[in-house]
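Contents: one structure, followed by commentary.
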Amino acid sequence: MNHLAPAPTDDADESDGDRSLLPRHAHIVVYEREDPDADATASGASQLVTIYDCGAAQKPPSAQLLGELGSVRAACETTGNPTGYVVSMREPSVLVDEGDGHYVVRPR
């Protein structure tokens with residue numbers, strides 16, 4: 001499921017992957033997958049990444065992705081929890097799919 005708006009690309013962008021817009025107050029919930037029967041390296045999906053438009057909104061997530069959130073380069077606040085962590089965005093940003101299930105968040 002991915003209902004994020006596609007982000008425009010510009011000539012200065014070095015990535016060829018899919019780009020999606022994230023709102024200023026997006027929340028990214030990352031669940032670390034610890035399934036001893038699954039080989040995470042074979043599937044490339046070591047995390048479940050769930051994206052909400054706003055942490056205060058009472059609505060379903062905008063996207064759920066299997067993969068790995070590599071880095072967040074935009075202004076944010078990160079909070080750990082027992083199952084992973086939550087990234088609360090503080091500025092509009094772009095989610096970039098770098099391929100093989102690897103994602104990064106960049107400032108817009």
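To be explicit about the labels: the chains of the structure tokens are called A, B, and onward in the order shown, and within each one the residues are counted from 1, while ligands get numbers from 1 in the order they are shown.
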
Spatial neighbours of range 81-83 of chain A, max dist 8 Å, only C-alpha atoms, sep filter under 2 positions, as a ChimeraX atom specification: /A:31-32,79,85-86

If we count only C-alpha atoms and set the cut-off at 10 Å, which residues sit around His3 in chain A, ignoring sequence neighbours fewer than 2 positions away in its own chain? Please answer as a VMD selection string. chain A and resid 1 5 to 6 20 51 61 to 64

Just-selected residues, C-alpha atoms written as a JSON list (two decimals), in the first residue's frame:
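So the final result, stored in again29.json, reads:
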```json
[["chain", "number", "residue", "atom", "x", "y", "z"],
["A", 1, "MET", "CA", 0.00, 0.00, 0.00],
["A", 5, "ALA", "CA", 2.10, 11.70, -3.79],
["A", 6, "PRO", "CA", 4.95, 11.32, -6.29],
["A", 20, "SER", "CA", 7.41, 10.39, -2.84],
["A", 51, "ILE", "CA", 4.21, 6.29, 7.08],
["A", 61, "PRO", "CA", -1.29, 5.11, 7.21],
["A", 62, "SER", "CA", -0.41, 6.58, 3.81],
["A", 63, "ALA", "CA", 2.12, 3.85, 3.05],
["A", 64, "GLN", "CA", 3.60, 0.60, 4.34]]
```

DSSP-assigned strand (DSSP E or B) members of range 21-76 of chain A, reported as a ChimeraX atom specification: /A:21-22,27-32,47-52,63-72,76

Closest of A:Gly67, A:Pro60, A:Gly17, A:Gly84 to Val96 in chain A - atom-to-atom distances counting only C-alpha atoms: A:Gly17

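Nearest residue to Val49 in chain A, choosing from A:Asn2, A:Val29, A:Glu34, A:His102 and counting only C-alpha atoms: A:Val29.
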
Can you check which residues of chain A DSSP gives as alpha helix (DSSP H) on the backbone and send them as a ChimeraX atom specification? /A:40-43
